[in-house]
There are 2 protein chains.
Amino acid sequence: MTKSPFDTDLDRNKANHEVLTPLTLFNRALDSFPQRPAYVYGQTRRSWGEVHERATRLASALHQRGIGKNDTVAIIAPNIPEMFDSHFGVPMSGAVLNPINIRLDAETISYILSHGQAKALITDTRFAPVVKEALAILNKPDLLVVDIDDLETDEAPGERLGESDFEAFLETGSPDHEWQLPDDEWDAISLNYTSGTTSNPKGVVVHHRGAYLIALGTNASWPFAHDGQGNFPVHMYVVPLFHCNGWGHVWGLAANGGMSALIRNVTAKNLYTAIAEHRVTHFGGAPVVLSMLINATDEERKPFDWPIQAYTAAAPPPPSVMRAIEALGFRLTHVYGLTETYGHVTECIAQSEWAALDDEGMADMKARQGVRFAVMEGCMVADPETMQPVPADGETIGEIMLRGNTVMKGYFRNRQATREAFAGGWFHTGDLAVMHPNGYLGIKDRAKDIIISGGENISSVEIEAALFKHPDIETAAVVAKPDEKWGETPCAFIELRDGSTLTEDDIVTHCRAHLAGFKVPKTIIFQSLPRTSTGKIQKFALREQVRDTA
Amino acid sequence: MTKSPFDTDLDRNKANHEVLTPLTLFNRALDSFPQRPAYVYGQTRRSWGEVHERATRLASALHQRGIGKNDTVAIIAPNIPEMFDSHFGVPMSGAVLNPINIRLDAETISYILSHGQAKALITDTRFAPVVKEALAILNKPDLLVVDIDDLETDEAPGERLGESDFEAFLETGSPDHEWQLPDDEWDAISLNYTSGTTSNPKGVVVHHRGAYLIALGTNASWPFAHDGQGNFPVHMYVVPLFHCNGWGHVWGLAANGGMSALIRNVTAKNLYTAIAEHRVTHFGGAPVVLSMLINATDEERKPFDWPIQAYTAAAPPPPSVMRAIEALGFRLTHVYGLTETYGHVTECIAQSEWAALDDEGMADMKARQGVRFAVMEGCMVADPETMQPVPADGETIGEIMLRGNTVMKGYFRNRQATREAFAGGWFHTGDLAVMHPNGYLGIKDRAKDIIISGGENISSVEIEAALFKHPDIETAAVVAKPDEKWGETPCAFIELRDGSTLTEDDIVTHCRAHLAGFKVPKTIIFQSLPRTSTGKIQKFALREQVRDTA
C-alpha cells in the first residue's frame with residue numbers, strides 16, 4: 001500500500017511536536033508573566049519567575065544527589081510554598097513527586113515510603129514526631145531527608161530529621177541547571193496514594209500528558225482564564241496539594257498566571273482573611289469547607305462584594321449548604337472525581353433553562369455530579385458485569401465508568417489492581433450512580449455504601465439527602481448495620497446544629513415524610529463524625545463502630 | 001537495564017489513553033449540551049445535538065461514496081451552517097477538510113483542487129460562475145460535487161454544478177453511522193492553502209492533536225469558557241472558516257458549548273444586528289472589522305451594554321482604532337498567528353501594571369504581538385542564519401521562530417518548502433520583529449516588507465504607525481519603491497477619512513515630527529487599498545503597482 005501524501009515527509013519534528021507536560025506551561029509562565037505573583041503565604045510572596053528559579057535549583061540539587069528519572073521523591077507538607085515549588089521542581093529533575101497525606105499514622109507513612117520506593121523525603125518539621133517514627137519503621141539509612149522549617153506559622157517548629165533544610169538544599173542547586181523535559185509524555189509525574197477510606201492505600205501513577213490536560217481542561221471548563229485585560233485569577237489553595245495534587249490547579253495556574261493564597265490551616269478565619277486581603281476569585285474545597293464558611297462567626301467573617309467561583313467535590317453538598325453558600329456570594333460548581341482521575345472529571349454545568357426552576361429544583365439539579373469534563377473522553381453508568389450502560393432513567397443504579405486522557409497509568413507495583421480497575425477498557429470507579437434523563441450523573445454511593453436490606457438496595461446518599469432537608473441537622477452519614485432479620489438496616493449518624501433539641505423520634509417522623517418506609521433509619525446515633533483531611537466523612541470508621549456494637 | 005516500575009504494567013490502554021482530536025470535544029457537546037444552540041443563521045438555528053446528527057450523516061454519506069481516511073474534501077463557502085457542519089463531518093469520515101477562499105480566481109481554485117487531490121467538492125452555488133470555470137480547467141469528471149443552496153441570503157442562487165445538493169446528500173447518510181476516531185492524533189484534519197499574499201499558495205497540513213490543543217488553548221487563554229452557572233459564550237463568527245479554520249474557534253466552541261452567530265457578509269449592519277439580537281459576547285476579526293464597527297453610521301449601529309471580548313489579528317491595529325473600539329465597549333486582545341500555526345499563537349496579555357500607563361503608553365503596549373499562547377511551546381526572535389535570539393532590546397530585528405504542538409505537519413506535497421520552514425528545529429514565520437525588554441514580541445514586517453534604503457533597514461510598520469497617529473488618516477500601507485539612488489524608498493498609500501483635505505505636504509510634515517528623516521515616505525499616493533478576504537491589505541499588489549509605475 002502506498003503511503004498517503006498526508007503521511008509523507010510530514011513527520012513529527014522539534015518544531016511541530018513537543019511532549020505535553022505542565023512544565024512547558026511553567027516555562028511559559030516564566031516567559032510571559034515572570035513578575036506576576038505565583039503565591040502568597042504570610043509574609044512570603046513569590047513571583048512566577050522566583051518560583052521558576054527555586055524549582056530549577058531544586059531539580060539541580062536533586063540531580064546532584066543522583067536523583068532523576070523515575071525516582072520517587074516524597075513530600076509531607078500542607079499547602080505551603082515548598083509544596084508548591086516541589087510540584088514543579090521534582091518533575092523538572094525527571095523524578096516522580098509523591099505527596100503524602102499529613103494526617104496519616106507512622107505505619108502508613110512508612111508503608112508508602114517503602115512501597116513507593118522513595119529515594120528522598122521532604123518533610124515539614126511540624127510532623128516530625130510521626131515522621132520520625134515512620135523512618136524508624138522504614139529503616140532506610142540512605143534515604144535523603146530534607147526538612148522544611150515553616151517560619152510563617154505560629155505552631156512550634158519540630159525536630160529536624162534530615163541533613164539539611166529546604167532552603168539550604170536549594171542553595172546547593174544551580175539556577176542555571178539545564179534540566180530536560182520528559183522524553184515521553186507518558187512518563188510518570190506524580191505518585192498519589194489513595195486516602196484509604198476503603199482498603200490499603202494504592203499508589204496512583206499519573207503522567208505528564210494527563211497533568212497537562214487537567215491543567216488546560218480546568219481553564220477550559222471553568223471561568224478560570226485571565227481575561228487578557230490585566231485581570232488574573234486569585235486562587236485560594238484550600239484543597240491539599242497532597243490530595244490529587246490539589247486537583248491539578250497548581251499546574252493550571254501556571255497556564256493562567258494566577259496567584260495562589262496558600263492556606264496551611266483551613267479555618268473560617270483564615271479563609272475569610274485570605275478572601276478579603278487578596279481579593280480571592282476562585283477556590284475548590286469539600287462541602288465541609290463550605291459549611292465552615294457558612295457557619296463562621298461574625299468575628300471570623302469578612303465582607304466581600306465580588307463573585308467567587310467555588311468548586312466543590314467529595315460528598316454531594318446538601319441543598320441547604322448550596323443555597324446558603326450562594327447567598328453569601330459564592331458561585332458553586334459541583335464536580336466529581338477521584339485520585340485515579342487527577343481530581344475532577346465530571347462537573348455539574350448549569351444549563352440556562354434551570355433559571356426557571358424553583359430553589360429546590362435548582363438545588364436538586366446542582367447536587368448532581370453532572371457531565372464529563374472537556375478533557376474526559378467517556379463517562380457511563382454501567383453494569384460492571386455486562387459493561388452495558390444502564391437506562392438514563394434516574395432510577396437504575398450502575399457503576400460509574402470513565403475513560404480518557406486524565407485517567408491514571410495504573411496502580412504502582414500492583415498489576416492485579418490495575419488490571420481490575422481497567423477491565424473491559426473502562427476505569428471502574430467503584431462509585432454507584434444513576435444516569436438522569438438529562439444525561440447528568442447522580443451518585444448514589446460507593447459500592448460498599450449501598451445498604452442491602454431485605455433484598456432491597458438502599459442508597460445511603462438518598463437517606464442522607466432526606467436528613468439534610470431538616471434545618472436542625474448539620475451533618476449526617478448513613479451506613480449499613482448488620483441485622484439478623486434484614487441482613488442490613490440503615491443506621492444514621494447525626495450532628496445537630498448548636499442549640500437544637502431534635503430527638504430520635506423527630507428524625508424518624510421527618511424521614512417517614514420523605515422516604516419509603518424500608519429506607520427510614522432503624523438506628524439513629526448522635527455524635528461527631530470522623531473525617532479525612534479533605535473533609536470526607538470516614539464511613540469505614542462508622543461501619544466498624546456499628547459492627548462492633550451490633 | 002531493568003525497567004522502572006513506573007514503566008511496568010502501566011501501559012496505555014483504552015481506559016486511559018485516547019487520541020487528541022476535536023471530535024471528542026464534539027462528542028462531549030452531544031452528551032453534555034445536546035439542546036444548546038450551536039449556531040444561528042437567519043431563521044436557521046441548530047443545537048449541538050442536531051449538528052452532531054448532520055455531521056454524522058455527512059460522514060456516512062462520504063463513506064458510502066468511498067471517501068475516507070486521508071482523502072481530501074474541498075469546500076467553497078462563507079460562514080454558513082454547511083461550512084460549520086463540514087468542520088466536524090468531514091474529519092468524522094476520516095477525510096481531510098480543504099476549505100478554499102471564496103474570493104479566489106478560477107485558476108487558483110483549480111490549482112488547489114488539483115494539488116490538494118480533492119475527491120469531493122462542496123460548493124455554494126453563489127460562487128458557481130468561478131467554480132464552474134475552475135472545474136473546466138481541472139477537468140476531473142470523477143470529482144464528487146455537492147452544491148449548497150443557501151436559502152437565508154438575499155443573493156440570487158447560482159447554477160448547480162453537482163449531482164445533488166447538501167441537504168439531499170445528507171439524506172443519503174445514516175444518523176447511526178458508526179464512524180471512528182482517527183487512529184493517530186497526528187493524522188491530518190485539514191488542508192489550508194495560504195492566502196497567497198506572497199507566492200504560490202502552499203497547502204498547510206494540520207493535524208488532530210493541534211486542532212484539539214488550539215481549541216482547548218483558546219478557552220484557557222481567553223475568558224471564553226462557560227461559567228458553569230448557565231452562561232455560555234455567544235460568538236459572532238466573523239473570521240472566515242476558510243481562513244485557518246476560523247482560528248479553530250469552531251472546535252473550541254464544541255468544548256465550551258457556545259453558540260455562533262454565523263456571518264455570511266461582514267457589514268457594519270450585520271455585525272451590530274447580530275450583537276444586539278443574540279447578545280454576542282465574543283468575536284475575532286481583522287482590524288478592518290474593528291474599523292467597520294467604529295465607523296458605522298447611526299442607522300447601522302445598535303446599542304449594547306455588556307462587555308464584548310474581541311480578538312484581533314493580521315496587521316497591528318493602529319492605536320486610534322484600539323482606543324475607539326474600547327470606548328464602544330469591546331475588550332480588545334491583540335493576537336498574532338499564521339495559517340501554519342492554526343491561527344493565533346501569541347497574544348498581547350495585558351499586565352496589571354499597565355493600568356498606570358496613559359492612553360498612548362497603553363496603546364503602544366497593546367499593539368505588541370505579545371507572548372506565546374498557553375499551547376505554544378517556544379517563541380523567539382532570532383537571526384535565521386545563526387538561529388541565535390536577538391537581544392530583547394526592542395530594537396534589533398530578527399525573524400519570529402515558533403515551535404510547539406500547534407505548528408502544522410508541513411506543506412502538502414512540498415518537501416522542499418517543509419524542510420526550509422522547519423530548518424534548525426524551529427518554524428520560520430517569515431515575519432520580522434523585535435523582542436521588547438518585557439518579553440513582548442513587536443512585529444516589524446513580513447521579511448519582504450522591509451524597505452532597504454541606502455543600506456538602512458526601514459520597517460514599513462513603523463512608518464504606518466506614525467501615519468496612523470494623524471487623526472485624518474483612516475488607513476495607510478507603506479511599501480518599498482525601487483529607486484536608482486537609494487535602492488528603495490518608502491512609498492505610502494493613504495486612505496483619508498471622509499471630508500479630510502489633508503495634502504501630501506501635511507503628511508510629510510507630520511511624518512518628520514515622528515520619524516527619522518530617512519524613514520519619511522518619499523512618495524505619497526491617495527487611493528483605496530486592495531484587501532484580502534480577511535481584511536489584510538494586499539501589499540504585493542501595491543508593490544506591483546509601484547514597480548510598474550517606477
# chains A, B, ... in the order shown; residues from 1 in each chain; ligands from 1
$ interface_residues --of "chain A" --to "chain B" --cutoff "7 Å" --atoms "only C-alpha atoms" --output "PDB file with N, CA and C atoms, in the first residue's frame"
ATOM      1  N   SER A   4      -0.053   7.645   1.991  1.00  0.00           N
ATOM      2  CA  SER A   4      -0.764   8.859   1.584  1.00  0.00           C
ATOM      3  C   SER A   4       0.207  10.049   1.614  1.00  0.00           C
ATOM      4  N   PRO A   5       0.009  10.994   0.692  1.00  0.00           N
ATOM      5  CA  PRO A   5       0.838  12.210   0.788  1.00  0.00           C
ATOM      6  C   PRO A   5       0.630  12.966   2.102  1.00  0.00           C
ATOM      7  N   PHE A   6      -0.485  12.693   2.808  1.00  0.00           N
ATOM      8  CA  PHE A   6      -0.676  13.336   4.110  1.00  0.00           C
ATOM      9  C   PHE A   6       0.238  12.731   5.177  1.00  0.00           C
ATOM     10  N   ASP A   9       6.711  12.780   4.299  1.00  0.00           N
ATOM     11  CA  ASP A   9       7.547  13.964   4.560  1.00  0.00           C
ATOM     12  C   ASP A   9       6.870  14.938   5.522  1.00  0.00           C
ATOM     13  N   LEU A  10       5.985  14.425   6.336  1.00  0.00           N
ATOM     14  CA  LEU A  10       5.260  15.301   7.264  1.00  0.00           C
ATOM     15  C   LEU A  10       5.349  14.743   8.683  1.00  0.00           C
ATOM     16  N   ASP A  11       6.553  14.346   9.039  1.00  0.00           N
ATOM     17  CA  ASP A  11       6.738  13.700  10.334  1.00  0.00           C
ATOM     18  C   ASP A  11       6.818  14.710  11.473  1.00  0.00           C
ATOM     19  N   ARG A  12       6.669  14.176  12.663  1.00  0.00           N
ATOM     20  CA  ARG A  12       6.908  14.977  13.866  1.00  0.00           C
ATOM     21  C   ARG A  12       8.365  15.452  13.842  1.00  0.00           C
ATOM     22  N   ASN A  13       8.578  16.676  14.256  1.00  0.00           N
ATOM     23  CA  ASN A  13       9.950  17.160  14.425  1.00  0.00           C
ATOM     24  C   ASN A  13       9.986  18.156  15.586  1.00  0.00           C
ATOM     25  N   LYS A  14      11.159  18.695  15.845  1.00  0.00           N
ATOM     26  CA  LYS A  14      11.291  19.567  17.028  1.00  0.00           C
ATOM     27  C   LYS A  14      10.438  20.823  16.932  1.00  0.00           C
ATOM     28  N   ALA A  15      10.152  21.239  15.695  1.00  0.00           N
ATOM     29  CA  ALA A  15       9.390  22.476  15.524  1.00  0.00           C
ATOM     30  C   ALA A  15       7.900  22.272  15.751  1.00  0.00           C
ATOM     31  N   ASN A  16       7.405  21.063  15.450  1.00  0.00           N
ATOM     32  CA  ASN A  16       5.948  20.897  15.475  1.00  0.00           C
ATOM     33  C   ASN A  16       5.442  19.863  16.473  1.00  0.00           C
ATOM     34  N   HIS A  17       6.316  19.353  17.297  1.00  0.00           N
ATOM     35  CA  HIS A  17       5.866  18.365  18.276  1.00  0.00           C
ATOM     36  C   HIS A  17       6.651  18.512  19.566  1.00  0.00           C
ATOM     37  N   GLU A  18       5.929  18.598  20.665  1.00  0.00           N
ATOM     38  CA  GLU A  18       6.570  18.654  21.977  1.00  0.00           C
ATOM     39  C   GLU A  18       5.736  17.783  22.900  1.00  0.00           C
ATOM     40  N   THR A  24       5.975  22.742  30.402  1.00  0.00           N
ATOM     41  CA  THR A  24       6.004  23.765  29.340  1.00  0.00           C
ATOM     42  C   THR A  24       5.114  24.945  29.736  1.00  0.00           C
ATOM     43  N   LEU A  25       4.036  24.671  30.450  1.00  0.00           N
ATOM     44  CA  LEU A  25       3.201  25.779  30.936  1.00  0.00           C
ATOM     45  C   LEU A  25       3.989  26.623  31.938  1.00  0.00           C
ATOM     46  N   ASP A  31       8.278  33.037  30.884  1.00  0.00           N
ATOM     47  CA  ASP A  31       8.444  33.951  29.748  1.00  0.00           C
ATOM     48  C   ASP A  31       7.371  35.034  29.715  1.00  0.00           C
ATOM     49  N   SER A  32       6.160  34.689  30.135  1.00  0.00           N
ATOM     50  CA  SER A  32       5.023  35.568  29.863  1.00  0.00           C
ATOM     51  C   SER A  32       4.612  36.442  31.037  1.00  0.00           C
ATOM     52  N   ASN A  70      12.314   8.722  37.021  1.00  0.00           N
ATOM     53  CA  ASN A  70      11.602   7.606  37.643  1.00  0.00           C
ATOM     54  C   ASN A  70      12.025   7.311  39.076  1.00  0.00           C
ATOM     55  N   ALA A 188       5.772   9.167  34.207  1.00  0.00           N
ATOM     56  CA  ALA A 188       5.082   9.487  35.462  1.00  0.00           C
ATOM     57  C   ALA A 188       5.497  10.858  35.966  1.00  0.00           C
ATOM     58  N   LEU A 216      -5.032  22.396  31.480  1.00  0.00           N
ATOM     59  CA  LEU A 216      -5.704  23.152  30.418  1.00  0.00           C
ATOM     60  C   LEU A 216      -7.211  22.995  30.514  1.00  0.00           C
ATOM     61  N   GLY A 217      -7.641  21.757  30.782  1.00  0.00           N
ATOM     62  CA  GLY A 217      -9.069  21.456  30.799  1.00  0.00           C
ATOM     63  C   GLY A 217      -9.808  22.234  31.875  1.00  0.00           C
ATOM     64  N   ASN A 219      -9.006  25.156  32.958  1.00  0.00           N
ATOM     65  CA  ASN A 219      -9.139  26.515  32.428  1.00  0.00           C
ATOM     66  C   ASN A 219     -10.231  26.590  31.361  1.00  0.00           C
ATOM     67  N   ALA A 220     -10.442  25.483  30.659  1.00  0.00           N
ATOM     68  CA  ALA A 220     -11.406  25.492  29.555  1.00  0.00           C
ATOM     69  C   ALA A 220     -12.825  25.194  30.014  1.00  0.00           C
ATOM     70  N   SER A 221     -12.983  24.658  31.226  1.00  0.00           N
ATOM     71  CA  SER A 221     -14.320  24.260  31.679  1.00  0.00           C
ATOM     72  C   SER A 221     -14.775  25.037  32.903  1.00  0.00           C
ATOM     73  N   TRP A 222     -14.021  26.028  33.278  1.00  0.00           N
ATOM     74  CA  TRP A 222     -14.328  26.839  34.449  1.00  0.00           C
ATOM     75  C   TRP A 222     -13.887  28.234  34.058  1.00  0.00           C
ATOM     76  N   PRO A 223     -14.546  29.290  34.482  1.00  0.00           N
ATOM     77  CA  PRO A 223     -14.081  30.627  34.071  1.00  0.00           C
ATOM     78  C   PRO A 223     -12.838  31.021  34.861  1.00  0.00           C
ATOM     79  N   ALA A 225      -9.588  31.345  33.275  1.00  0.00           N
ATOM     80  CA  ALA A 225      -8.550  32.000  32.471  1.00  0.00           C
ATOM     81  C   ALA A 225      -8.420  33.475  32.854  1.00  0.00           C
ATOM     82  N   HIS A 226      -7.211  34.045  32.675  1.00  0.00           N
ATOM     83  CA  HIS A 226      -7.076  35.502  32.757  1.00  0.00           C
ATOM     84  C   HIS A 226      -7.915  36.088  31.632  1.00  0.00           C
ATOM     85  N   ASP A 227      -8.256  37.365  31.725  1.00  0.00           N
ATOM     86  CA  ASP A 227      -9.152  37.936  30.720  1.00  0.00           C
ATOM     87  C   ASP A 227      -8.396  38.708  29.636  1.00  0.00           C
ATOM     88  N   GLY A 228      -7.076  38.657  29.670  1.00  0.00           N
ATOM     89  CA  GLY A 228      -6.291  39.350  28.651  1.00  0.00           C
ATOM     90  C   GLY A 228      -6.222  40.846  28.882  1.00  0.00           C
ATOM     91  N   GLN A 229      -7.020  41.330  29.827  1.00  0.00           N
ATOM     92  CA  GLN A 229      -7.132  42.774  30.067  1.00  0.00           C
ATOM     93  C   GLN A 229      -6.439  43.178  31.375  1.00  0.00           C
ATOM     94  N   GLY A 230      -5.629  42.282  31.910  1.00  0.00           N
ATOM     95  CA  GLY A 230      -4.912  42.630  33.137  1.00  0.00           C
ATOM     96  C   GLY A 230      -5.507  42.021  34.387  1.00  0.00           C
ATOM     97  N   ASN A 231      -6.572  41.243  34.235  1.00  0.00           N
ATOM     98  CA  ASN A 231      -7.185  40.587  35.391  1.00  0.00           C
ATOM     99  C   ASN A 231      -6.851  39.100  35.400  1.00  0.00           C
ATOM    100  N   ALA A 255      -0.691  28.018  33.710  1.00  0.00           N
ATOM    101  CA  ALA A 255      -1.224  28.373  32.393  1.00  0.00           C
ATOM    102  C   ALA A 255      -1.920  29.727  32.412  1.00  0.00           C
ATOM    103  N   ASN A 256      -2.530  30.089  33.519  1.00  0.00           N
ATOM    104  CA  ASN A 256      -3.303  31.336  33.503  1.00  0.00           C
ATOM    105  C   ASN A 256      -2.645  32.465  34.278  1.00  0.00           C
ATOM    106  N   THR A 333     -19.911  25.356  41.723  1.00  0.00           N
ATOM    107  CA  THR A 333     -19.999  24.313  40.708  1.00  0.00           C
ATOM    108  C   THR A 333     -19.605  22.996  41.364  1.00  0.00           C
ATOM    109  N   ILE A 349     -22.466  21.359  35.081  1.00  0.00           N
ATOM    110  CA  ILE A 349     -22.643  22.613  34.335  1.00  0.00           C
ATOM    111  C   ILE A 349     -24.121  23.001  34.407  1.00  0.00           C
ATOM    112  N   ALA A 350     -24.393  24.173  34.914  1.00  0.00           N
ATOM    113  CA  ALA A 350     -25.788  24.625  34.945  1.00  0.00           C
ATOM    114  C   ALA A 350     -26.240  24.948  33.527  1.00  0.00           C
ATOM    115  N   GLN A 351     -27.403  24.489  33.161  1.00  0.00           N
ATOM    116  CA  GLN A 351     -27.975  24.811  31.851  1.00  0.00           C
ATOM    117  C   GLN A 351     -28.828  26.072  32.002  1.00  0.00           C
ATOM    118  N   SER A 352     -28.863  26.841  30.945  1.00  0.00           N
ATOM    119  CA  SER A 352     -29.577  28.128  31.009  1.00  0.00           C
ATOM    120  C   SER A 352     -31.007  27.951  31.503  1.00  0.00           C
ATOM    121  N   VAL A 371     -21.900  16.281  34.012  1.00  0.00           N
ATOM    122  CA  VAL A 371     -21.453  15.734  32.736  1.00  0.00           C
ATOM    123  C   VAL A 371     -19.930  15.690  32.724  1.00  0.00           C
ATOM    124  N   ALA A 374     -14.318  18.561  29.783  1.00  0.00           N
ATOM    125  CA  ALA A 374     -13.864  18.676  28.391  1.00  0.00           C
ATOM    126  C   ALA A 374     -12.749  17.678  28.064  1.00  0.00           C
ATOM    127  N   GLU A 377     -12.899  11.649  27.990  1.00  0.00           N
ATOM    128  CA  GLU A 377     -13.462  11.206  26.716  1.00  0.00           C
ATOM    129  C   GLU A 377     -14.653  10.269  26.835  1.00  0.00           C
ATOM    130  N   LEU A 402     -15.236   5.364  33.548  1.00  0.00           N
ATOM    131  CA  LEU A 402     -14.629   6.510  32.876  1.00  0.00           C
ATOM    132  C   LEU A 402     -13.554   6.037  31.912  1.00  0.00           C
ATOM    133  N   ARG A 403     -13.365   6.823  30.859  1.00  0.00           N
ATOM    134  CA  ARG A 403     -12.197   6.599  30.004  1.00  0.00           C
ATOM    135  C   ARG A 403     -11.731   7.936  29.468  1.00  0.00           C
ATOM    136  N   GLY A 404     -10.421   8.063  29.361  1.00  0.00           N
ATOM    137  CA  GLY A 404      -9.911   9.319  28.818  1.00  0.00           C
ATOM    138  C   GLY A 404      -8.476   9.578  29.225  1.00  0.00           C
ATOM    139  N   ASN A 405      -7.994  10.701  28.756  1.00  0.00           N
ATOM    140  CA  ASN A 405      -6.575  11.035  28.918  1.00  0.00           C
ATOM    141  C   ASN A 405      -6.217  11.512  30.316  1.00  0.00           C
ATOM    142  N   THR A 406      -7.234  11.763  31.154  1.00  0.00           N
ATOM    143  CA  THR A 406      -6.914  12.106  32.530  1.00  0.00           C
ATOM    144  C   THR A 406      -7.329  10.968  33.472  1.00  0.00           C
ATOM    145  N   VAL A 407      -7.079   9.764  32.987  1.00  0.00           N
ATOM    146  CA  VAL A 407      -7.156   8.582  33.847  1.00  0.00           C
ATOM    147  C   VAL A 407      -5.712   8.111  34.066  1.00  0.00           C
ATOM    148  N   MET A 408      -5.420   7.709  35.284  1.00  0.00           N
ATOM    149  CA  MET A 408      -4.064   7.288  35.675  1.00  0.00           C
ATOM    150  C   MET A 408      -3.443   6.240  34.738  1.00  0.00           C
ATOM    151  N   LYS A 409      -2.099   6.104  34.851  1.00  0.00           N
ATOM    152  CA  LYS A 409      -1.412   4.998  34.168  1.00  0.00           C
ATOM    153  C   LYS A 409      -1.834   3.664  34.781  1.00  0.00           C
ATOM    154  N   GLY A 410      -2.050   3.709  36.083  1.00  0.00           N
ATOM    155  CA  GLY A 410      -2.409   2.497  36.806  1.00  0.00           C
ATOM    156  C   GLY A 410      -1.879   2.588  38.232  1.00  0.00           C
ATOM    157  N   PHE A 412       0.743   1.635  41.167  1.00  0.00           N
ATOM    158  CA  PHE A 412       2.174   1.346  41.242  1.00  0.00           C
ATOM    159  C   PHE A 412       2.408  -0.040  41.838  1.00  0.00           C
ATOM    160  N   ARG A 413       3.172  -0.816  41.101  1.00  0.00           N
ATOM    161  CA  ARG A 413       3.545  -2.138  41.587  1.00  0.00           C
ATOM    162  C   ARG A 413       2.319  -2.931  42.065  1.00  0.00           C
ATOM    163  N   ARG A 415      -0.124  -4.944  39.671  1.00  0.00           N
ATOM    164  CA  ARG A 415      -0.651  -5.349  38.380  1.00  0.00           C
ATOM    165  C   ARG A 415      -2.097  -5.821  38.465  1.00  0.00           C
ATOM    166  N   PHE A 422      -9.115  -1.514  35.115  1.00  0.00           N
ATOM    167  CA  PHE A 422      -9.293  -1.210  33.693  1.00  0.00           C
ATOM    168  C   PHE A 422     -10.023  -2.313  32.929  1.00  0.00           C
ATOM    169  N   GLY A 425     -11.766  -2.147  29.275  1.00  0.00           N
ATOM    170  CA  GLY A 425     -11.414  -0.899  28.588  1.00  0.00           C
ATOM    171  C   GLY A 425     -12.012   0.352  29.206  1.00  0.00           C
ATOM    172  N   TRP A 426     -12.495   0.238  30.426  1.00  0.00           N
ATOM    173  CA  TRP A 426     -13.008   1.399  31.159  1.00  0.00           C
ATOM    174  C   TRP A 426     -12.399   1.386  32.553  1.00  0.00           C
ATOM    175  N   PHE A 427     -12.235   2.590  33.121  1.00  0.00           N
ATOM    176  CA  PHE A 427     -11.804   2.664  34.507  1.00  0.00           C
ATOM    177  C   PHE A 427     -13.033   2.522  35.407  1.00  0.00           C
ATOM    178  N   GLY A 439     -28.951  13.336  31.026  1.00  0.00           N
ATOM    179  CA  GLY A 439     -27.546  12.991  30.799  1.00  0.00           C
ATOM    180  C   GLY A 439     -26.630  13.370  31.954  1.00  0.00           C
TER     181      GLY A 439
END
$ select_by_dssp --residues "stretch 21-97 of chain B" --states "alpha helix (DSSP H)" --output "JSON, numbers by chain"
{"B": [22, 23, 24, 25, 26, 27, 28, 29, 30, 31, 32, 48, 49, 50, 51, 52, 53, 54, 55, 56, 57, 58, 59, 60, 61, 62, 63, 64, 81, 82, 83, 84, 85, 86, 87, 88, 89, 90, 91, 92]}
$ atom_distance --atom1 "atom CA of A:Ala118" --atom2 "atom CA of A:Ala74"
6.1 Å
$ closest_residue --among "A:Ala211, A:Ala261, A:Ile275, A:Leu143" --to "A:Pro37" --atoms "only C-alpha atoms"
A:Ala261
$ residues_around --residues "A:Leu542" --least-positions-apart "6" --cutoff "12 Å" --atoms "only C-alpha atoms" --output "list in words"
Thr197, Asp449, Ala476, Ala477, Val478, Val479, Ala480, Lys481, Pro490, Cys491, Ala492, Phe493, Ile494, Ile525, Gln527, Ser528, Leu529, Pro530, Arg531, Asp548, Thr549 and Ala550 of chain A
$ select_by_dssp --residues "stretch 308-419 of chain B" --states "strand (DSSP E or B)" --output "VMD selection string"
chain B and resid 308 to 312 330 to 338 343 to 347 370 to 372 376 to 382 389 398 to 404 410 to 411
$ residues_around --residues "A:Leu58" --least-positions-apart "3" --cutoff "7 Å" --atoms "only C-alpha atoms" --output "list in words"
Arg54, Ala55, Ala61, Leu62, Gly89, Val90, Leu170 and Gly173 of chain A
$ write_last_selection --atoms "C-alpha atoms" --output "mmCIF file, in the first residue's frame"
data_model
loop_
_atom_site.group_PDB
_atom_site.id
_atom_site.type_symbol
_atom_site.label_atom_id
_atom_site.label_comp_id
_atom_site.auth_asym_id
_atom_site.auth_seq_id
_atom_site.Cartn_x
_atom_site.Cartn_y
_atom_site.Cartn_z
ATOM 1 C CA ARG A 54 13.552 27.824 43.070
ATOM 2 C CA ALA A 55 12.177 24.864 41.128
ATOM 3 C CA ALA A 61 20.045 19.833 43.820
ATOM 4 C CA LEU A 62 18.216 16.532 43.329
ATOM 5 C CA GLY A 89 10.995 21.204 40.747
ATOM 6 C CA VAL A 90 10.674 17.481 41.348
ATOM 7 C CA LEU A 170 18.050 24.753 47.232
ATOM 8 C CA GLY A 173 21.406 23.661 43.299
#
$ atom_distance --atom1 "atom CA of B:Ala363" --atom2 "atom CA of B:Asp431"
21.5 Å
